[in-house]
Amino acid sequence: MKLKVITLNCWGIPVISKDRIARMKAIAEELSSNRYDIVCLQEVWADSDYELIKEKVKTVLPHSYYFHSGVIGSGICIFSKFPFQDVFFHQWPVNGYVHKLQHGDWFGGKGVGLCRLKINDFNVNVYSAHLHAEYDRNCDEYMAHRVLQAFDTAQFIKLTSGGADVVILAGDLNTEPGDLAYRILTAATGLADAFEEAGDKVGHFFSTNEGYTNSYTDAQLIDKRFIGKRIDYIMYRSFTGVHVDIHSYEHPLPSRVRDCNYSYSDHEAVCSTFDISRDEHVPLVSCATRIAVEFNLAQTIEDEDDFDGVTVEEDALEDKNINDVPYESPVASDRKSVYLAEHFDDINKFEKKWVRSQAKKDGISEEISKYDGIWKVEASQKDNLIGDLGLVLKSKAKHAAISSKLEKPFIFANKPLIVQYEVILQEGQECGGAYLKLLTDGPETKDLKQFQDKTPYTIMFGPDKCGNDHKLHFIFRHKNPLNGTLEEKHCRKPKDRLEDSFKDKLPHLYTLIVRPDNTFEIWVDRKIINSGSLLEDFAPPVNPPAEIDDPQDTKPTDWDEREKIPDPEATKPEDWDEDAPASIIDPDALKPEGWLDDESPMIPDPDAKQPEDWDGEMDGEWEAPLIDNPKCVTSVGCGKWEAPMITNPVYKGKWRAPLINNPNYKGKWKPRRIPNPDFYEDSQPFRMNTISAVGFELWSMSQDILFDNIIITDELSVANQWADDTFELKRKKIAKDSESVVQRMLVYTEEYPWLWAVYVIVVGFPIVLIFYCCCKTSDKDNEQEKEEYDAATAATAKKTDEVTKDDEVPEPSPSGDAPRKRKLFDFKRLTA
């Protein structure tokens, strides 16, 4: 099996990154070429950029996931031709400094993302990461952060790679070969660097950042023809019985976007094609076997009871809490338009109507194949209305299935389908689903006791979560008009965040509306979070492409895709020493005076004593613990002195010929397009298979999941009235129970406005009085302050020879009388 993986740091910082929007469009165009199987991208910071790429590549890379984290997101996303079995994100605990706003790494919530894939018979774990940037190699204040991130990533890979046949790590690791972080990643995990393993297949490609062929490299480096550095990697490892060989390793993107003068990013993309094979003598360990082991382990830990039927809590009808929101079991406003209306309040009707599955899952061990999950009918754990009951999945880590016939089949003709129900994840959700299935009318749904995962369904709808992957499924099975086969069509993910509904432990209302004009809407808590067309917003699309790449077309042997090649006329300078070490001993270094060569930095503790219970035969010879040598504390140093290492001024590294334009370059080869032999055009995907039953077929790692107030109808007004009589009452009850004293006072004041006058007198008057007493000064205080000021002024006058207020000179009187006194200047102006 061949697997082609590409990784690229897209440099997609809004506002800051140059040519971002144009470059993102070019990247999306390149990825839509159907040349890659798995794509790992970093620094995709804007949701709009992710959606742009996702929309462009949906026909060739229909499966994708963006790892949300931190304040602005992790920037990491993965696209794949193959469906994800599981996703998970681990955020690093150390990631820059919050006060380093100019760097911004702290706000990104960086970490390592994991997508598990099943490709043919191989279990493949794909990891993508973006370690903290270096910024200044000569004064790297983030080296410790990057080393810890590398160690954390290595531990995460080791802990999550159990059961994998192949592990692939791709991303911008911001560390060069030989750096400590690089050595930790490769040594602790056993990962091999695809570049190093490729050998002669690499050609001249090696630099991924700051190379002189990149338009965004600093001009000074371009002038110096700086080769650049390699900090973007694809690493891999295979496990017992699986062999991985490097078929090719390349920089797949040209140095410039077509017809533009700028590159795709400030980093170069790295692409590696793997040949993956399995040793025929090693037995295939299936995923089901691994799951069986996990379940057997869980069963040894947890005591379990067997339940043959649906049990009902007898005390569920009793409510010890005082509830001031009246509740009555809802009644559909128009029974003719209703196909199912279930409130679970009537226990006897429930037991007659709903059927617990007695089937077994195929292909897994007997111990975990049973549908033995526990279902109960009971009130919610909190904020429950008197008399309101729901269907609760009590068990976890068990398969559970329960279903009911519709009152009449729903035929997809000229009326819309409205499906609505409530979910309360009373213990939150770790990993598992809370979705329902609308079962296809047919012989497989006649006996609901055999309801299982392979029972045909027409639509699956509802929430699902595992790890950091929060989903709201809308899947319908479409019938191929050419050959009659059925294929699942998955609705694109909503843009709204869904995390809160999985952890707030509150009731949430999920509504699906599918109309005959092929449009749909998805509502959560009576708000639209997703809408679109059955023809345009599903993957894979309903109608296949009219043209496809010709699978028989092959690239000509003389087709040269290399835009740049090493200069064949270049020769290595005679003074270029490839064997010179990067670091040498400082020849000018001198041993400091006072260095104690004969003193050891650590000495045995002279005050330590052998423990009384020390057994020489059992414990060996006792040795005193070592402590710092006190003589070394007061000296410049102890022990053998060694000169420090410095950068070798003549070090140049391995010589490589400079790159020149390839005269034989023909561009990237693409196979010719031919008419798709499997093409068809179905303009009415709404006309799905008739449904005749509804059921829950689940597996969850959380217990006490409550389902309530299911209604299936073709009139939206009926569903709205049903929600008014159920869900809105619950929200009102929760609001009342959570009201604070202040909120209750405000509500009461709205009914009795005259209370505002009471508030002003009771609250406002004491505040004004306190303010007056604290801020007012008495006349006596003013006089005392004036006396203190005059005394200070007099004291200052005695210490200076300058003219003061009391210095007056005689001024002749116009009348000849005694001379009057004249002030030399205005004292008020002086003090002012």
# chains A, B, ... in the order shown; residues from 1 in each chain; ligands from 1
>>> select_by_dssp(residues="range 304-417 of chain A", states="strand (DSSP E or B)", output="JSON, numbers by chain")
{"A": [311, 312, 338, 339, 340, 341, 342, 354, 355, 356, 360, 370, 375, 376, 377, 378, 390, 391, 392, 393, 399, 400, 401, 402, 403, 404, 405, 406, 407, 408, 409, 410, 417]}
>>> atom_distance(atom1="CA of Cys139 in chain A", atom2="CA of Glu578 in chain A")
26.3 Å
>>> closest_residue(among="A:Glu210, A:Asp469, A:Glu536, A:Asp19", to="Arg492 in chain A", atoms="only C-alpha atoms")
A:Glu536
>>> residues_around(residues="Asp682 in chain A", least_positions_apart="6", cutoff="9 Å", atoms="only C-alpha atoms", output="PyMOL selection string")
chain A and resi 480-481+535+542-543
>>> write_last_selection(atoms="all heavy atoms", output="short mmCIF file (atom, residue, chain, number, x, y, z; two decimals), in the first residue's frame")
data_model
loop_
_atom_site.label_atom_id
_atom_site.label_comp_id
_atom_site.auth_asym_id
_atom_site.auth_seq_id
_atom_site.Cartn_x
_atom_site.Cartn_y
_atom_site.Cartn_z
N ASN A 480 -27.76 4.50 -4.79
CA ASN A 480 -27.17 4.75 -6.11
C ASN A 480 -28.18 4.34 -7.18
O ASN A 480 -28.58 3.18 -7.26
CB ASN A 480 -25.88 3.95 -6.26
CG ASN A 480 -25.11 4.28 -7.52
OD1 ASN A 480 -25.69 4.41 -8.59
ND2 ASN A 480 -23.80 4.39 -7.38
N PRO A 481 -28.63 5.28 -8.03
CA PRO A 481 -29.63 4.93 -9.05
C PRO A 481 -29.11 4.00 -10.12
O PRO A 481 -29.91 3.41 -10.86
CB PRO A 481 -30.01 6.31 -9.63
CG PRO A 481 -28.84 7.18 -9.36
CD PRO A 481 -28.24 6.70 -8.09
N LEU A 535 -27.77 18.25 -1.73
CA LEU A 535 -26.95 18.09 -2.93
C LEU A 535 -25.55 18.68 -2.79
O LEU A 535 -24.63 18.25 -3.48
CB LEU A 535 -27.65 18.75 -4.12
CG LEU A 535 -28.91 18.04 -4.64
CD1 LEU A 535 -29.68 18.95 -5.58
CD2 LEU A 535 -28.54 16.74 -5.34
N VAL A 542 -23.62 13.71 -3.08
CA VAL A 542 -24.63 12.79 -3.61
C VAL A 542 -24.27 12.38 -5.04
O VAL A 542 -24.31 11.19 -5.39
CB VAL A 542 -26.02 13.47 -3.56
CG1 VAL A 542 -27.03 12.66 -4.37
CG2 VAL A 542 -26.48 13.62 -2.13
N ASN A 543 -23.93 13.34 -5.86
CA ASN A 543 -23.61 13.05 -7.25
C ASN A 543 -22.10 13.05 -7.45
O ASN A 543 -21.42 14.01 -7.09
CB ASN A 543 -24.25 14.09 -8.17
CG ASN A 543 -25.77 14.03 -8.12
OD1 ASN A 543 -26.35 12.95 -8.18
ND2 ASN A 543 -26.41 15.18 -8.01
#
>>> closest_residue(among="A:Phe461, A:Trp756, A:Phe410, A:Trp655", to="Asn689 in chain A", atoms="only C-alpha atoms")
A:Phe410
>>> closest_residue(among="A:Ile76, A:Ile646, A:Ile712, A:Val87", to="Tyr421 in chain A", atoms="only C-alpha atoms")
A:Ile712
>>> atom_distance(atom1="CA of His145 in chain A", atom2="CA of Lys229 in chain A")
20.2 Å
>>> closest_residue(among="A:Ser64, A:Ser17, A:Gln703, A:Ser583", to="Ser395 in chain A", atoms="only C-alpha atoms")
A:Gln703
>>> closest_residue(among="A:Ala46, A:Ala269, A:Ala539, A:Val355", to="Phe82 in chain A", atoms="only C-alpha atoms")
A:Ala539
>>> decode(residues="range 115-131 of chain A", atoms="all heavy atoms", output="PDB file, in the first residue's frame")
ATOM      1  N   CYS A 115      -5.156  11.771  14.900  1.00  0.00           N
ATOM      2  CA  CYS A 115      -6.266  11.196  14.140  1.00  0.00           C
ATOM      3  C   CYS A 115      -5.944   9.731  13.884  1.00  0.00           C
ATOM      4  O   CYS A 115      -4.887   9.411  13.330  1.00  0.00           O
ATOM      5  CB  CYS A 115      -6.475  11.921  12.809  1.00  0.00           C
ATOM      6  SG  CYS A 115      -7.178  13.565  12.986  1.00  0.00           S
ATOM      7  N   ARG A 116      -6.848   8.858  14.298  1.00  0.00           N
ATOM      8  CA  ARG A 116      -6.678   7.431  14.042  1.00  0.00           C
ATOM      9  C   ARG A 116      -7.448   7.062  12.775  1.00  0.00           C
ATOM     10  O   ARG A 116      -8.617   7.417  12.627  1.00  0.00           O
ATOM     11  CB  ARG A 116      -7.185   6.603  15.216  1.00  0.00           C
ATOM     12  CG  ARG A 116      -6.286   6.657  16.454  1.00  0.00           C
ATOM     13  CD  ARG A 116      -6.681   5.560  17.436  1.00  0.00           C
ATOM     14  NE  ARG A 116      -5.777   5.475  18.558  1.00  0.00           N
ATOM     15  CZ  ARG A 116      -6.035   5.936  19.771  1.00  0.00           C
ATOM     16  NH1 ARG A 116      -7.187   6.508  19.996  1.00  0.00           N
ATOM     17  NH2 ARG A 116      -5.166   5.816  20.746  1.00  0.00           N
ATOM     18  N   LEU A 117      -6.789   6.346  11.874  1.00  0.00           N
ATOM     19  CA  LEU A 117      -7.397   5.956  10.611  1.00  0.00           C
ATOM     20  C   LEU A 117      -7.270   4.454  10.411  1.00  0.00           C
ATOM     21  O   LEU A 117      -6.311   3.830  10.884  1.00  0.00           O
ATOM     22  CB  LEU A 117      -6.741   6.668   9.431  1.00  0.00           C
ATOM     23  CG  LEU A 117      -6.795   8.199   9.384  1.00  0.00           C
ATOM     24  CD1 LEU A 117      -5.590   8.798  10.080  1.00  0.00           C
ATOM     25  CD2 LEU A 117      -6.837   8.686   7.951  1.00  0.00           C
ATOM     26  N   LYS A 118      -8.238   3.895   9.716  1.00  0.00           N
ATOM     27  CA  LYS A 118      -8.185   2.499   9.284  1.00  0.00           C
ATOM     28  C   LYS A 118      -8.042   2.520   7.772  1.00  0.00           C
ATOM     29  O   LYS A 118      -8.973   2.870   7.049  1.00  0.00           O
ATOM     30  CB  LYS A 118      -9.461   1.763   9.689  1.00  0.00           C
ATOM     31  CG  LYS A 118      -9.436   0.276   9.362  1.00  0.00           C
ATOM     32  CD  LYS A 118      -8.567  -0.488  10.337  1.00  0.00           C
ATOM     33  CE  LYS A 118      -8.711  -1.993  10.149  1.00  0.00           C
ATOM     34  NZ  LYS A 118      -7.895  -2.729  11.129  1.00  0.00           N
ATOM     35  N   ILE A 119      -6.845   2.155   7.265  1.00  0.00           N
ATOM     36  CA  ILE A 119      -6.561   2.197   5.839  1.00  0.00           C
ATOM     37  C   ILE A 119      -6.288   0.767   5.391  1.00  0.00           C
ATOM     38  O   ILE A 119      -5.270   0.174   5.769  1.00  0.00           O
ATOM     39  CB  ILE A 119      -5.367   3.108   5.526  1.00  0.00           C
ATOM     40  CG1 ILE A 119      -5.576   4.502   6.151  1.00  0.00           C
ATOM     41  CG2 ILE A 119      -5.154   3.222   4.042  1.00  0.00           C
ATOM     42  CD1 ILE A 119      -4.402   5.427   5.985  1.00  0.00           C
ATOM     43  N   ASN A 120      -7.210   0.224   4.605  1.00  0.00           N
ATOM     44  CA  ASN A 120      -7.160  -1.191   4.249  1.00  0.00           C
ATOM     45  C   ASN A 120      -7.129  -2.009   5.537  1.00  0.00           C
ATOM     46  O   ASN A 120      -8.029  -1.915   6.347  1.00  0.00           O
ATOM     47  CB  ASN A 120      -5.976  -1.472   3.328  1.00  0.00           C
ATOM     48  CG  ASN A 120      -6.088  -0.735   1.999  1.00  0.00           C
ATOM     49  OD1 ASN A 120      -7.197  -0.377   1.586  1.00  0.00           O
ATOM     50  ND2 ASN A 120      -4.966  -0.497   1.340  1.00  0.00           N
ATOM     51  N   ASP A 121      -6.079  -2.786   5.750  1.00  0.00           N
ATOM     52  CA  ASP A 121      -5.991  -3.581   6.981  1.00  0.00           C
ATOM     53  C   ASP A 121      -5.028  -2.974   7.985  1.00  0.00           C
ATOM     54  O   ASP A 121      -4.670  -3.628   8.969  1.00  0.00           O
ATOM     55  CB  ASP A 121      -5.546  -5.017   6.654  1.00  0.00           C
ATOM     56  CG  ASP A 121      -6.624  -5.796   5.929  1.00  0.00           C
ATOM     57  OD1 ASP A 121      -7.817  -5.515   6.160  1.00  0.00           O
ATOM     58  OD2 ASP A 121      -6.266  -6.673   5.128  1.00  0.00           O
ATOM     59  N   PHE A 122      -4.614  -1.728   7.767  1.00  0.00           N
ATOM     60  CA  PHE A 122      -3.619  -1.110   8.633  1.00  0.00           C
ATOM     61  C   PHE A 122      -4.263  -0.070   9.534  1.00  0.00           C
ATOM     62  O   PHE A 122      -5.072   0.737   9.084  1.00  0.00           O
ATOM     63  CB  PHE A 122      -2.514  -0.455   7.789  1.00  0.00           C
ATOM     64  CG  PHE A 122      -1.733  -1.425   6.953  1.00  0.00           C
ATOM     65  CD1 PHE A 122      -2.092  -1.649   5.635  1.00  0.00           C
ATOM     66  CD2 PHE A 122      -0.651  -2.104   7.481  1.00  0.00           C
ATOM     67  CE1 PHE A 122      -1.379  -2.534   4.851  1.00  0.00           C
ATOM     68  CE2 PHE A 122       0.073  -2.993   6.705  1.00  0.00           C
ATOM     69  CZ  PHE A 122      -0.296  -3.221   5.392  1.00  0.00           C
ATOM     70  N   ASN A 123      -3.867  -0.098  10.807  1.00  0.00           N
ATOM     71  CA  ASN A 123      -4.263   0.938  11.756  1.00  0.00           C
ATOM     72  C   ASN A 123      -3.167   2.000  11.772  1.00  0.00           C
ATOM     73  O   ASN A 123      -2.031   1.716  12.175  1.00  0.00           O
ATOM     74  CB  ASN A 123      -4.450   0.354  13.164  1.00  0.00           C
ATOM     75  CG  ASN A 123      -5.556  -0.669  13.212  1.00  0.00           C
ATOM     76  OD1 ASN A 123      -6.644  -0.434  12.699  1.00  0.00           O
ATOM     77  ND2 ASN A 123      -5.297  -1.818  13.818  1.00  0.00           N
ATOM     78  N   VAL A 124      -3.505   3.198  11.325  1.00  0.00           N
ATOM     79  CA  VAL A 124      -2.522   4.264  11.164  1.00  0.00           C
ATOM     80  C   VAL A 124      -2.857   5.414  12.111  1.00  0.00           C
ATOM     81  O   VAL A 124      -3.981   5.933  12.083  1.00  0.00           O
ATOM     82  CB  VAL A 124      -2.472   4.768   9.712  1.00  0.00           C
ATOM     83  CG1 VAL A 124      -1.431   5.872   9.565  1.00  0.00           C
ATOM     84  CG2 VAL A 124      -2.171   3.619   8.751  1.00  0.00           C
ATOM     85  N   ASN A 125      -1.907   5.794  12.953  1.00  0.00           N
ATOM     86  CA  ASN A 125      -2.046   6.963  13.826  1.00  0.00           C
ATOM     87  C   ASN A 125      -1.288   8.122  13.194  1.00  0.00           C
ATOM     88  O   ASN A 125      -0.073   8.029  12.983  1.00  0.00           O
ATOM     89  CB  ASN A 125      -1.481   6.690  15.222  1.00  0.00           C
ATOM     90  CG  ASN A 125      -2.417   5.875  16.079  1.00  0.00           C
ATOM     91  OD1 ASN A 125      -3.374   5.298  15.577  1.00  0.00           O
ATOM     92  ND2 ASN A 125      -2.142   5.807  17.372  1.00  0.00           N
ATOM     93  N   VAL A 126      -1.999   9.218  12.920  1.00  0.00           N
ATOM     94  CA  VAL A 126      -1.376  10.399  12.339  1.00  0.00           C
ATOM     95  C   VAL A 126      -1.366  11.508  13.387  1.00  0.00           C
ATOM     96  O   VAL A 126      -2.423  11.906  13.882  1.00  0.00           O
ATOM     97  CB  VAL A 126      -2.121  10.874  11.076  1.00  0.00           C
ATOM     98  CG1 VAL A 126      -1.467  12.130  10.515  1.00  0.00           C
ATOM     99  CG2 VAL A 126      -2.133   9.773  10.023  1.00  0.00           C
ATOM    100  N   TYR A 127      -0.177  11.983  13.728  1.00  0.00           N
ATOM    101  CA  TYR A 127      -0.010  13.053  14.697  1.00  0.00           C
ATOM    102  C   TYR A 127       0.486  14.305  13.962  1.00  0.00           C
ATOM    103  O   TYR A 127       1.293  14.218  13.037  1.00  0.00           O
ATOM    104  CB  TYR A 127       1.006  12.681  15.786  1.00  0.00           C
ATOM    105  CG  TYR A 127       0.666  11.447  16.578  1.00  0.00           C
ATOM    106  CD1 TYR A 127       0.996  10.182  16.108  1.00  0.00           C
ATOM    107  CD2 TYR A 127       0.019  11.539  17.802  1.00  0.00           C
ATOM    108  CE1 TYR A 127       0.695   9.037  16.835  1.00  0.00           C
ATOM    109  CE2 TYR A 127      -0.284  10.405  18.552  1.00  0.00           C
ATOM    110  CZ  TYR A 127       0.056   9.158  18.054  1.00  0.00           C
ATOM    111  OH  TYR A 127      -0.247   8.041  18.785  1.00  0.00           O
ATOM    112  N   SER A 128       0.013  15.461  14.408  1.00  0.00           N
ATOM    113  CA  SER A 128       0.514  16.721  13.859  1.00  0.00           C
ATOM    114  C   SER A 128       0.785  17.674  15.017  1.00  0.00           C
ATOM    115  O   SER A 128      -0.018  17.761  15.962  1.00  0.00           O
ATOM    116  CB  SER A 128      -0.491  17.344  12.881  1.00  0.00           C
ATOM    117  OG  SER A 128       0.056  18.489  12.258  1.00  0.00           O
ATOM    118  N   ALA A 129       1.908  18.392  14.946  1.00  0.00           N
ATOM    119  CA  ALA A 129       2.303  19.272  16.048  1.00  0.00           C
ATOM    120  C   ALA A 129       3.034  20.490  15.499  1.00  0.00           C
ATOM    121  O   ALA A 129       3.536  20.492  14.377  1.00  0.00           O
ATOM    122  CB  ALA A 129       3.189  18.527  17.045  1.00  0.00           C
ATOM    123  N   HIS A 130       3.066  21.533  16.319  1.00  0.00           N
ATOM    124  CA  HIS A 130       3.768  22.774  15.982  1.00  0.00           C
ATOM    125  C   HIS A 130       4.418  23.288  17.263  1.00  0.00           C
ATOM    126  O   HIS A 130       3.779  23.938  18.091  1.00  0.00           O
ATOM    127  CB  HIS A 130       2.772  23.805  15.419  1.00  0.00           C
ATOM    128  CG  HIS A 130       3.416  25.102  15.028  1.00  0.00           C
ATOM    129  ND1 HIS A 130       2.693  26.270  14.885  1.00  0.00           N
ATOM    130  CD2 HIS A 130       4.710  25.418  14.761  1.00  0.00           C
ATOM    131  CE1 HIS A 130       3.521  27.250  14.543  1.00  0.00           C
ATOM    132  NE2 HIS A 130       4.742  26.754  14.467  1.00  0.00           N
ATOM    133  N   LEU A 131       5.712  22.976  17.428  1.00  0.00           N
ATOM    134  CA  LEU A 131       6.425  23.346  18.646  1.00  0.00           C
ATOM    135  C   LEU A 131       6.715  24.846  18.677  1.00  0.00           C
ATOM    136  O   LEU A 131       6.643  25.526  17.665  1.00  0.00           O
ATOM    137  CB  LEU A 131       7.738  22.564  18.751  1.00  0.00           C
ATOM    138  CG  LEU A 131       7.661  21.193  19.449  1.00  0.00           C
ATOM    139  CD1 LEU A 131       6.787  20.239  18.658  1.00  0.00           C
ATOM    140  CD2 LEU A 131       9.056  20.590  19.630  1.00  0.00           C
TER     141      LEU A 131
END
